Structure formats: structure tokens, C-alpha cells
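J.: Just so it is clear, I am handing over structure-v4.cif, which has mmCIF, C-alpha atoms.
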data_protein
#
loop_
_atom_site.label_atom_id
_atom_site.label_comp_id
_atom_site.auth_asym_id
_atom_site.auth_seq_id
_atom_site.Cartn_x
_atom_site.Cartn_y
_atom_site.Cartn_z
CA HIS S 1 60.57 -76.91 -64.61
CA THR S 2 63.22 -74.51 -65.87
CA SER S 3 63.35 -71.84 -68.56
CA LYS S 4 65.67 -69.12 -69.84
CA ASN S 5 65.17 -65.54 -68.74
CA ARG S 6 65.64 -62.50 -70.97
CA ASP S 7 69.37 -62.47 -70.19
CA GLY S 8 69.73 -66.04 -71.43
CA PHE S 9 70.28 -67.61 -68.00
CA ILE S 10 68.42 -70.77 -66.97
CA GLU S 11 66.15 -70.22 -63.95
CA ASP S 12 63.66 -72.32 -62.02
CA ALA S 13 59.92 -71.77 -62.17
CA PHE S 14 58.49 -69.39 -59.59
CA TRP S 15 57.30 -72.36 -57.49
CA GLY S 16 60.79 -73.89 -57.33
CA ALA S 17 62.71 -76.67 -59.01
CA THR S 18 59.83 -79.15 -58.63
CA ALA S 19 56.16 -78.27 -58.89
CA PRO S 20 54.16 -79.13 -55.74
CA LYS S 21 51.48 -81.76 -56.33
CA ALA S 22 48.66 -79.22 -56.02
CA ILE S 23 50.19 -77.10 -58.81
CA ALA S 24 51.07 -80.14 -60.94
CA HIS S 25 47.40 -81.21 -60.86
CA LEU S 26 46.15 -77.73 -61.74
CA PRO S 27 46.26 -78.02 -65.59
CA ALA S 28 44.14 -81.18 -65.57
CA ALA S 29 41.70 -79.60 -63.13
CA ILE S 30 41.33 -76.49 -65.31
CA GLU S 31 40.81 -78.58 -68.43
CA ALA S 32 38.13 -80.67 -66.71
CA GLN S 33 36.35 -77.90 -64.82
CA GLY S 34 36.70 -74.99 -67.21
CA ARG S 35 37.73 -71.34 -67.04
CA ASP S 36 34.66 -70.19 -65.11
CA HIS S 37 35.37 -72.63 -62.31
CA LEU S 38 39.00 -71.47 -62.25
CA ARG S 39 37.90 -67.86 -61.79
CA ALA S 40 35.55 -68.89 -58.99
CA ALA S 41 38.32 -70.93 -57.33
CA LEU S 42 40.72 -67.98 -57.55
CA GLY S 43 38.19 -65.72 -55.83
CA LEU S 44 37.71 -68.24 -53.03
CA ALA S 45 41.48 -68.72 -52.76
CA VAL S 46 42.01 -64.99 -52.24
CA ARG S 47 39.36 -64.95 -49.50
CA HIS S 48 41.04 -67.89 -47.79
CA LEU S 49 44.52 -66.36 -47.97
CA GLU S 50 43.20 -63.10 -46.54
CA GLY S 51 41.97 -65.04 -43.54
CA ARG S 52 38.27 -64.63 -44.34
CA HIS S 53 35.76 -67.43 -43.99
CA VAL S 54 35.23 -69.64 -47.04
CA ASP S 55 32.15 -71.83 -47.17
CA GLU S 56 32.99 -75.50 -47.56
CA GLU S 57 30.05 -76.03 -49.90
CA ALA S 58 31.39 -73.37 -52.27
CA VAL S 59 34.76 -75.13 -52.30
CA GLU S 60 33.14 -78.46 -53.13
CA GLN S 61 31.19 -76.84 -55.99
CA VAL S 62 34.29 -75.39 -57.69
CA GLY S 63 36.27 -78.55 -57.03
CA GLU S 64 38.71 -79.21 -54.22
CA VAL S 65 41.60 -80.11 -56.54
CA LEU S 66 41.12 -76.86 -58.44
CA MET S 67 40.83 -74.93 -55.18
CA CYS S 68 44.02 -76.40 -53.74
CA GLY S 69 45.86 -75.65 -56.97
CA ALA S 70 44.64 -72.04 -56.99
CA VAL S 71 45.77 -71.49 -53.38
CA SER S 72 49.17 -73.08 -53.99
CA VAL S 73 49.92 -71.16 -57.18
CA LEU S 74 48.96 -67.80 -55.61
CA VAL S 75 51.08 -68.44 -52.52
CA ALA S 76 54.08 -69.53 -54.62
CA ALA S 77 53.78 -66.48 -56.87
CA VAL S 78 53.54 -64.06 -53.94
CA LYS S 79 56.49 -65.60 -52.10
CA SER S 80 58.68 -65.64 -55.22
CA ALA S 81 57.97 -61.97 -56.10
CA ALA S 82 58.34 -63.01 -59.74
CA GLU S 83 57.54 -60.60 -62.57
CA GLU S 84 54.52 -60.94 -64.86
CA ALA S 85 56.48 -62.37 -67.81
CA HIS S 86 58.11 -64.98 -65.55
CA ILE S 87 54.79 -66.09 -64.03
CA LEU S 88 52.95 -66.28 -67.36
CA ARG S 89 55.81 -68.19 -68.98
CA ASP S 90 55.94 -70.75 -66.17
CA LEU S 91 52.17 -71.27 -66.18
CA GLN S 92 52.15 -71.82 -69.94
CA ASN S 93 55.13 -74.20 -69.66
CA LEU S 94 52.91 -76.16 -67.26
CA HIS S 95 50.43 -76.47 -70.19
CA ILE S 96 47.91 -74.02 -68.77
CA ASP S 97 45.90 -72.17 -71.41
CA PRO S 98 47.24 -68.60 -71.96
CA GLU S 99 43.85 -67.06 -71.14
CA CYS S 100 43.65 -69.00 -67.88
CA ALA S 101 47.23 -68.04 -67.08
CA GLN S 102 46.28 -64.40 -67.61
CA ASP S 103 43.30 -64.82 -65.26
CA ILE S 104 45.61 -66.18 -62.57
CA TYR S 105 48.02 -63.28 -62.94
CA GLN S 106 45.27 -60.64 -62.91
CA VAL S 107 43.90 -62.01 -59.62
CA LEU S 108 47.44 -62.10 -58.25
CA ASP S 109 48.19 -58.54 -59.39
CA ARG S 110 45.04 -57.10 -57.84
CA GLY S 111 45.31 -58.99 -54.55
CA ARG S 112 49.07 -59.35 -54.10
CA GLN S 113 49.36 -57.08 -51.06
CA ARG S 114 46.30 -58.56 -49.36
CA ILE S 115 47.52 -62.08 -50.01
CA LYS S 116 51.03 -61.23 -48.84
CA SER S 117 49.70 -59.75 -45.62
CA GLY S 118 47.61 -62.86 -45.03
CA VAL S 119 50.55 -65.20 -45.63
CA GLU S 120 52.76 -63.17 -43.28
CA VAL S 121 50.12 -63.18 -40.54
CA ARG S 122 49.61 -66.96 -40.79
CA GLY S 123 53.12 -67.74 -39.55
CA PRO S 124 56.52 -66.32 -38.57
CA GLN S 125 58.98 -65.50 -41.32
CA PHE S 126 62.71 -64.97 -41.33
CA PRO S 127 64.47 -62.25 -43.33
CA HIS S 128 65.12 -63.25 -46.91
CA ILE S 129 68.04 -62.43 -49.21
CA ASP S 130 67.53 -59.22 -51.19
CA ASP S 131 70.97 -59.10 -52.80
CA LEU S 132 74.05 -61.30 -53.13
CA ARG S 133 77.48 -60.04 -54.18
CA TRP S 134 80.52 -62.25 -54.56
CA ARG S 135 84.11 -62.35 -55.74
CA VAL S 136 86.88 -64.93 -56.01
CA ASP S 137 90.23 -64.24 -54.32
CA VAL S 138 93.35 -66.30 -54.96
CA THR S 139 96.05 -66.62 -52.31
CA ILE S 140 99.32 -66.62 -54.27
CA SER S 141 101.76 -67.10 -51.40
CA THR S 142 102.06 -67.03 -47.61
CA THR S 143 104.87 -66.36 -45.15
CA SER S 144 105.67 -70.07 -45.08
CA LEU S 145 104.97 -71.04 -48.70
CA SER S 146 106.15 -69.21 -51.77
CA ARG S 147 103.46 -70.62 -54.06
CA VAL S 148 99.96 -71.51 -52.81
CA MET S 149 97.44 -70.55 -55.53
CA ARG S 150 94.46 -71.38 -53.31
CA PRO S 151 91.10 -69.80 -54.32
CA SER S 152 88.51 -68.54 -51.83
CA ILE S 153 85.07 -67.01 -52.31
CA LEU S 154 83.96 -63.81 -50.58
CA LEU S 155 80.17 -63.53 -50.20
CA GLN S 156 78.18 -60.47 -49.13
CA LEU S 157 74.51 -61.07 -48.32
CA THR S 158 72.02 -58.20 -47.95
CA LEU S 159 68.85 -59.29 -46.14
CA SER S 160 65.35 -57.86 -46.28
CA ASP S 161 65.83 -56.35 -42.80
CA SER S 162 68.82 -54.33 -44.16
CA CYS S 163 71.41 -56.45 -42.35
CA ILE S 164 74.59 -57.17 -44.32
CA HIS S 165 76.58 -60.34 -43.69
CA THR S 166 80.01 -60.98 -45.20
CA LEU S 167 81.69 -64.37 -45.16
CA GLU S 168 84.68 -66.03 -46.79
CA VAL S 169 84.61 -69.71 -47.76
CA THR S 170 86.92 -72.09 -49.53
CA ALA S 171 85.87 -73.92 -52.68
CA GLU S 172 85.26 -77.06 -50.59
CA GLU S 173 83.10 -75.17 -48.08
CA LEU S 174 81.09 -73.66 -50.93
CA GLN S 175 80.39 -77.15 -52.27
CA ASP S 176 79.27 -78.22 -48.78
CA LEU S 177 76.97 -75.18 -48.63
CA ARG S 178 75.41 -76.03 -52.00
CA TYR S 179 74.86 -79.63 -50.88
CA ASP S 180 73.25 -78.58 -47.58
CA VAL S 181 70.93 -76.11 -49.32
CA ALA S 182 69.88 -78.74 -51.88
CA ARG S 183 69.23 -81.23 -49.07
CA CYS S 184 67.12 -78.70 -47.15
CA LEU S 185 65.05 -77.92 -50.26
CA LYS S 186 64.48 -81.64 -50.83
CA GLU S 187 63.37 -82.13 -47.22
CA MET S 188 60.99 -79.15 -47.51
CA GLN S 189 59.45 -80.61 -50.68
CA ASP S 190 59.02 -83.98 -48.95
CA LEU S 191 57.35 -82.24 -46.01
CA GLU S 192 54.99 -80.26 -48.27
CA SER S 193 53.91 -83.47 -50.00
CA SER S 194 53.30 -85.31 -46.73
CA ARG S 195 50.03 -85.57 -44.83
CA LEU S 196 51.31 -83.13 -42.21
CA PHE S 197 51.31 -80.21 -44.67
CA ARG S 198 47.70 -79.62 -45.70
CA LEU S 199 45.19 -76.84 -46.09
CA PRO S 200 42.73 -76.33 -43.21
CA VAL S 201 40.10 -79.04 -42.91
CA SER S 202 37.44 -76.76 -44.38
CA LEU S 203 39.38 -76.60 -47.66
CA GLN S 204 40.56 -80.17 -48.14
CA ALA S 205 39.05 -83.29 -49.58
CA LYS S 206 37.78 -85.86 -47.12
CA THR S 207 40.23 -88.46 -48.41
CA THR S 208 39.72 -90.71 -45.41
CA ALA S 209 36.00 -90.95 -46.13
CA ASN S 210 36.42 -91.23 -49.89
CA PRO S 211 39.97 -92.27 -50.83
CA HIS S 212 39.15 -92.04 -54.56
CA HIS S 213 37.89 -88.44 -54.36
CA ALA S 214 41.23 -86.84 -55.31
CA PRO S 215 42.24 -88.12 -58.77
CA ALA S 216 45.74 -89.26 -59.57
CA PRO S 217 47.85 -87.16 -61.95
CA GLY S 218 46.72 -87.58 -65.54
CA MET S 219 43.26 -88.92 -64.67
CA PRO S 220 40.23 -86.99 -66.01
CA LEU S 221 38.38 -84.96 -63.43
CA PRO S 222 34.57 -84.95 -63.27
CA LYS S 223 32.78 -81.69 -64.00
CA THR S 224 30.87 -80.14 -61.13
CA PRO S 225 28.13 -77.51 -61.42
CA LEU S 226 29.24 -73.88 -61.18
CA PRO S 227 28.21 -72.29 -57.85
CA PRO S 228 25.61 -69.50 -57.92
CA ALA S 229 26.84 -65.97 -58.50
CA ALA S 230 26.30 -65.10 -54.84
CA ALA S 231 28.83 -67.76 -53.82
CA ILE S 232 31.59 -66.31 -56.02
CA PRO S 233 33.29 -63.37 -54.28
CA ASP S 234 34.59 -60.35 -56.16
CA PHE S 235 38.33 -60.28 -56.64
#
Will you turn the file into C-alpha cells for me?
T.:
Amino acid sequence: HTSKNRDGFIEDAFWGATAPKAIAHLPAAIEAQGRDHLRAALGLAVRHLEGRHVDEEAVEQVGEVLMCGAVSVLVAAVKSAAEEAHILRDLQNLHIDPECAQDIYQVLDRGRQRIKSGVEVRGPQFPHIDDLRWRVDVTISTTSLSRVMRPSILLQLTLSDSCIHTLEVTAEELQDLRYDVARCLKEMQDLESSRLFRLPVSLQAKTTANPHHAPAPGMPLPKTPLPPAAAIPDF
């Protein structure tokens, strides 16, 4: 999923180049369960990401597929630090109704700091890149050669912990770096889609007991009754 930003440059969706399965299933889950169930799932998702207890029965009532999608989309949005227009555009490009997309963003906007704190507490994090500056230098000649014309790239990375790293690479080394980054992203996506990367047991479907519980992409999802008002937390 890609789109053009306001400057005309093509950029990936806030969840990355490829939508995780939980997010890819979200439009069908919303269409089957309805807006009210989405709002309930978003409230439960915020509670879960804050580290508070979420009743398993409440999750089953809103729908586990919808719940997993709500958790995944909130985490991706918080980690990306994307702006409102970017998030709404990506959600609508995923064929999510504009009103539902607005509901998702409103929950995100009100609970961003609480969700971010919860995500940070749940595991260690490394500094991320806040700024990247670059330039291309061309070596015209050396002491041994009168004409070289060899380009090199100078990169300056500013990290979130205020550290600044400067490095110089050749065009070939830059291509190797791009390949290694793409390979790492692919391996991370494969890991996230594997059985090892799941929500806590209290928030997942019992696929081993009922292998047909989680529908395949494109399949209609059964409607489930909306939980009582007491089971839907404020968000």
C-alpha cells in the first residue's frame, strides 16, 4: 500500500510496505460487525495496550478478528508517528469507511501517549532515526590517478537519543545497505505472520480448538451480539 504525500512523493502506508494480516482483515471485520463493535473493540484495545486487564468474554463478544485488527492498527499508528491526514488516507485506501477511519483516529489521538507508554513498557526499544541528511561527493583525482570520477555518499544520522552518526559509503556499499534493510524488513514481516508472534492468550482465538474460527481473507464474518454497556470501557 503506497500513496503520494502532499509534496508529491510516494510513501508507504503507516503500517509499512505490506499490511499485517490483522490489519488486512480489519475492513471485512468492520463490514461484518458494524461501527458499534469497532468502537467497542477500540476501547478494549486501548485497555490492553495500557497493560490493564481485558476480559476474554468481552473480546469474544466484539469479535477476536476485529479486536486483533484494532490492536494492530493502533500500535502501527503510534510507532509510525504519522499525521492525521496520512493515517486517514491509508485507512480509506484499505477500503475502511471514512466514519470508521475517523473513529480509529479519534481513539488514537486521545490515547496516543498512554498507548505509547504501554508499548514502550512491554519491551526494550532502540533509538530510532529522527533525521537523515546526505550528500554526494565525487572524487575527481588522486595522487596516483589524474582522473577517477568516483562518487561516494556521505550520510549523517540523528537518533532519538540525540546521538549523531556520520558515515561515508560508496555507491556499491549503499546498494548493499538497501538490500540488507529490505531483507531485514521481509524477515520481520515473516516473523510477525508466524505463530510465534501473537497477542497474549487472553486476546487470541483458540485456533487449535476451532481451526475454522478465524475466517480467511475475503470470507464473510458472522455478526456477534454487542456487549453490554458496562463491558465497553470509556476511551
J.: Could you jot down the CA of Gly51 (chain S) to CA of Arg114 (chain S) separation for me, Å, one decimal place?
T.: 9.7 Å
J.: Counting only C-alpha atoms, figure out which residue out of S:Lys116, S:Arg150, S:Arg35, S:His95 gets nearest to Ile23 (chain S).
T.: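 Result for the nearest residue to Ile23 (chain S): S:His95.
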J.: Take CA of Asp103 (chain S) and CA of Leu42 (chain S) and report the distance between them in Å, one decimal.
T.: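 Pair CA of Asp103 (chain S) / CA of Leu42 (chain S) returns 8.7 Å.
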J.: Enumerate, as a VMD selection string, the residues matched when the PyMOL selection byres ((chain S and resi 72-76) around 9) is run on the file above.
T.: chain S and resid 14 to 16 20 22 to 23 26 42 45 to 46 49 67 to 71 77 to 81 104 to 105 107 to 108 112 115 to 116 119
J.: To one decimal place, how far is CA of Leu157 (chain S) from CA of Pro127 (chain S) in Å?
T.: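 Separating CA of Leu157 (chain S) from CA of Pro127 (chain S) is a distance of 11.3 Å.
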J.: Kindly resolve the PyMOL selection byres ((chain S and resi 101) around 10) on the present coordinates and return the residues as a ChimeraX atom specification.
T.: /S:87-92,94-100,102-106
J.: Which polymer residues have any atom within 12 Å of an atom of Cys163 (chain S), counting all atoms listed in the file, with same-chain residues fewer than 5 positions away left out, as a list of chain:residue names?
T.: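 Within the cut-off, the hits are S:Pro127, S:His128, S:Ile129, S:Asp130, S:Asp131, S:Gln156, S:Leu157, S:Thr158.
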J.: From the options S:Ala82, S:Thr139, S:Glu187, S:Trp134, which residue's atoms come nearest to Asp109 (chain S), counting all atoms listed in the file?
T.: S:Ala82
J.: Please write the residues picked by the PyMOL selection byres ((chain S and resi 168) around 12) on this file as an NGL selection string.
T.: :S and (133-138 or 151-157 or 165-167 or 169-174)
J.: Using all atoms listed in the file, pick whichever of S:Ser117, S:Leu185, S:Ser144, S:Gly63 has the shortest atom-to-atom distance to Arg39 (chain S).
T.: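 The shortest atom-to-atom distance to Arg39 (chain S) comes from S:Gly63.
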J.: Pick the closest to Glu31 (chain S) from S:Val59, S:Gly118, S:Leu66, S:Ile140: which is it, counting only C-alpha atoms?
T.: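 Residue with the minimum atom-to-atom distance to Glu31 (chain S): S:Leu66.
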J.: Working from the structure I just supplied, which lacks atoms in region 94-105 of chain S, can you model all heavy atoms there and output them as a PDB file, in the coordinates of the input?
T.:
ATOM      1  N   LEU S  94      53.620 -75.092 -67.980  1.00  0.00           N
ATOM      2  CA  LEU S  94      52.910 -76.160 -67.260  1.00  0.00           C
ATOM      3  C   LEU S  94      51.694 -76.638 -68.059  1.00  0.00           C
ATOM      4  O   LEU S  94      50.920 -77.455 -67.578  1.00  0.00           O
ATOM      5  CB  LEU S  94      52.468 -75.631 -65.886  1.00  0.00           C
ATOM      6  CG  LEU S  94      52.110 -76.636 -64.796  1.00  0.00           C
ATOM      7  CD1 LEU S  94      53.312 -77.491 -64.422  1.00  0.00           C
ATOM      8  CD2 LEU S  94      51.562 -75.924 -63.573  1.00  0.00           C
ATOM      9  N   HIS S  95      51.537 -76.106 -69.286  1.00  0.00           N
ATOM     10  CA  HIS S  95      50.430 -76.470 -70.190  1.00  0.00           C
ATOM     11  C   HIS S  95      49.092 -75.929 -69.709  1.00  0.00           C
ATOM     12  O   HIS S  95      48.063 -76.585 -69.857  1.00  0.00           O
ATOM     13  CB  HIS S  95      50.365 -77.977 -70.411  1.00  0.00           C
ATOM     14  CG  HIS S  95      51.662 -78.582 -70.884  1.00  0.00           C
ATOM     15  ND1 HIS S  95      52.236 -78.253 -72.099  1.00  0.00           N
ATOM     16  CD2 HIS S  95      52.508 -79.460 -70.296  1.00  0.00           C
ATOM     17  CE1 HIS S  95      53.372 -78.919 -72.243  1.00  0.00           C
ATOM     18  NE2 HIS S  95      53.567 -79.652 -71.156  1.00  0.00           N
ATOM     19  N   ILE S  96      49.133 -74.737 -69.111  1.00  0.00           N
ATOM     20  CA  ILE S  96      47.910 -74.020 -68.770  1.00  0.00           C
ATOM     21  C   ILE S  96      47.587 -73.063 -69.904  1.00  0.00           C
ATOM     22  O   ILE S  96      48.470 -72.368 -70.409  1.00  0.00           O
ATOM     23  CB  ILE S  96      48.071 -73.254 -67.438  1.00  0.00           C
ATOM     24  CG1 ILE S  96      48.198 -74.255 -66.280  1.00  0.00           C
ATOM     25  CG2 ILE S  96      46.902 -72.314 -67.191  1.00  0.00           C
ATOM     26  CD1 ILE S  96      48.416 -73.607 -64.923  1.00  0.00           C
ATOM     27  N   ASP S  97      46.316 -73.028 -70.316  1.00  0.00           N
ATOM     28  CA  ASP S  97      45.900 -72.170 -71.410  1.00  0.00           C
ATOM     29  C   ASP S  97      46.303 -70.719 -71.138  1.00  0.00           C
ATOM     30  O   ASP S  97      46.189 -70.240 -70.004  1.00  0.00           O
ATOM     31  CB  ASP S  97      44.373 -72.262 -71.559  1.00  0.00           C
ATOM     32  CG  ASP S  97      43.878 -71.446 -72.747  1.00  0.00           C
ATOM     33  OD1 ASP S  97      43.972 -71.933 -73.881  1.00  0.00           O
ATOM     34  OD2 ASP S  97      43.403 -70.311 -72.500  1.00  0.00           O
ATOM     35  N   PRO S  98      46.806 -69.989 -72.167  1.00  0.00           N
ATOM     36  CA  PRO S  98      47.240 -68.600 -71.960  1.00  0.00           C
ATOM     37  C   PRO S  98      46.177 -67.708 -71.333  1.00  0.00           C
ATOM     38  O   PRO S  98      46.493 -66.847 -70.502  1.00  0.00           O
ATOM     39  CB  PRO S  98      47.622 -68.129 -73.366  1.00  0.00           C
ATOM     40  CG  PRO S  98      47.992 -69.380 -74.087  1.00  0.00           C
ATOM     41  CD  PRO S  98      47.097 -70.449 -73.532  1.00  0.00           C
ATOM     42  N   GLU S  99      44.905 -67.887 -71.719  1.00  0.00           N
ATOM     43  CA  GLU S  99      43.850 -67.060 -71.140  1.00  0.00           C
ATOM     44  C   GLU S  99      43.674 -67.366 -69.654  1.00  0.00           C
ATOM     45  O   GLU S  99      43.460 -66.448 -68.843  1.00  0.00           O
ATOM     46  CB  GLU S  99      42.541 -67.289 -71.894  1.00  0.00           C
ATOM     47  CG  GLU S  99      42.558 -66.778 -73.333  1.00  0.00           C
ATOM     48  CD  GLU S  99      41.222 -66.957 -74.019  1.00  0.00           C
ATOM     49  OE1 GLU S  99      40.359 -67.666 -73.449  1.00  0.00           O
ATOM     50  OE2 GLU S  99      41.036 -66.396 -75.119  1.00  0.00           O
ATOM     51  N   CYS S 100      43.756 -68.627 -69.297  1.00  0.00           N
ATOM     52  CA  CYS S 100      43.650 -69.000 -67.880  1.00  0.00           C
ATOM     53  C   CYS S 100      44.861 -68.497 -67.095  1.00  0.00           C
ATOM     54  O   CYS S 100      44.729 -68.056 -65.944  1.00  0.00           O
ATOM     55  CB  CYS S 100      43.514 -70.513 -67.737  1.00  0.00           C
ATOM     56  SG  CYS S 100      41.974 -71.191 -68.422  1.00  0.00           S
ATOM     57  N   ALA S 101      46.036 -68.565 -67.726  1.00  0.00           N
ATOM     58  CA  ALA S 101      47.230 -68.040 -67.080  1.00  0.00           C
ATOM     59  C   ALA S 101      47.100 -66.544 -66.823  1.00  0.00           C
ATOM     60  O   ALA S 101      47.500 -66.040 -65.770  1.00  0.00           O
ATOM     61  CB  ALA S 101      48.465 -68.332 -67.936  1.00  0.00           C
ATOM     62  N   GLN S 102      46.500 -65.829 -67.779  1.00  0.00           N
ATOM     63  CA  GLN S 102      46.280 -64.400 -67.610  1.00  0.00           C
ATOM     64  C   GLN S 102      45.288 -64.125 -66.483  1.00  0.00           C
ATOM     65  O   GLN S 102      45.448 -63.167 -65.724  1.00  0.00           O
ATOM     66  CB  GLN S 102      45.782 -63.788 -68.920  1.00  0.00           C
ATOM     67  CG  GLN S 102      45.773 -62.268 -68.931  1.00  0.00           C
ATOM     68  CD  GLN S 102      47.167 -61.668 -68.832  1.00  0.00           C
ATOM     69  OE1 GLN S 102      48.086 -62.111 -69.512  1.00  0.00           O
ATOM     70  NE2 GLN S 102      47.327 -60.672 -67.982  1.00  0.00           N
ATOM     71  N   ASP S 103      44.258 -64.971 -66.369  1.00  0.00           N
ATOM     72  CA  ASP S 103      43.300 -64.820 -65.260  1.00  0.00           C
ATOM     73  C   ASP S 103      44.004 -64.959 -63.914  1.00  0.00           C
ATOM     74  O   ASP S 103      43.745 -64.188 -62.980  1.00  0.00           O
ATOM     75  CB  ASP S 103      42.201 -65.880 -65.374  1.00  0.00           C
ATOM     76  CG  ASP S 103      41.223 -65.590 -66.513  1.00  0.00           C
ATOM     77  OD1 ASP S 103      41.172 -64.423 -66.956  1.00  0.00           O
ATOM     78  OD2 ASP S 103      40.528 -66.517 -66.939  1.00  0.00           O
ATOM     79  N   ILE S 104      44.889 -65.949 -63.824  1.00  0.00           N
ATOM     80  CA  ILE S 104      45.610 -66.180 -62.570  1.00  0.00           C
ATOM     81  C   ILE S 104      46.460 -64.957 -62.229  1.00  0.00           C
ATOM     82  O   ILE S 104      46.470 -64.484 -61.090  1.00  0.00           O
ATOM     83  CB  ILE S 104      46.487 -67.439 -62.673  1.00  0.00           C
ATOM     84  CG1 ILE S 104      45.599 -68.689 -62.801  1.00  0.00           C
ATOM     85  CG2 ILE S 104      47.403 -67.567 -61.457  1.00  0.00           C
ATOM     86  CD1 ILE S 104      46.372 -69.970 -63.069  1.00  0.00           C
ATOM     87  N   TYR S 105      47.157 -64.426 -63.226  1.00  0.00           N
ATOM     88  CA  TYR S 105      48.020 -63.280 -62.940  1.00  0.00           C
ATOM     89  C   TYR S 105      47.212 -62.035 -62.571  1.00  0.00           C
ATOM     90  O   TYR S 105      47.617 -61.261 -61.695  1.00  0.00           O
ATOM     91  CB  TYR S 105      48.937 -62.955 -64.116  1.00  0.00           C
ATOM     92  CG  TYR S 105      49.828 -61.781 -63.801  1.00  0.00           C
ATOM     93  CD1 TYR S 105      50.945 -61.945 -62.991  1.00  0.00           C
ATOM     94  CD2 TYR S 105      49.511 -60.493 -64.246  1.00  0.00           C
ATOM     95  CE1 TYR S 105      51.744 -60.869 -62.640  1.00  0.00           C
ATOM     96  CE2 TYR S 105      50.302 -59.413 -63.894  1.00  0.00           C
ATOM     97  CZ  TYR S 105      51.414 -59.608 -63.097  1.00  0.00           C
ATOM     98  OH  TYR S 105      52.191 -58.536 -62.745  1.00  0.00           O
TER      99      TYR S 105
END
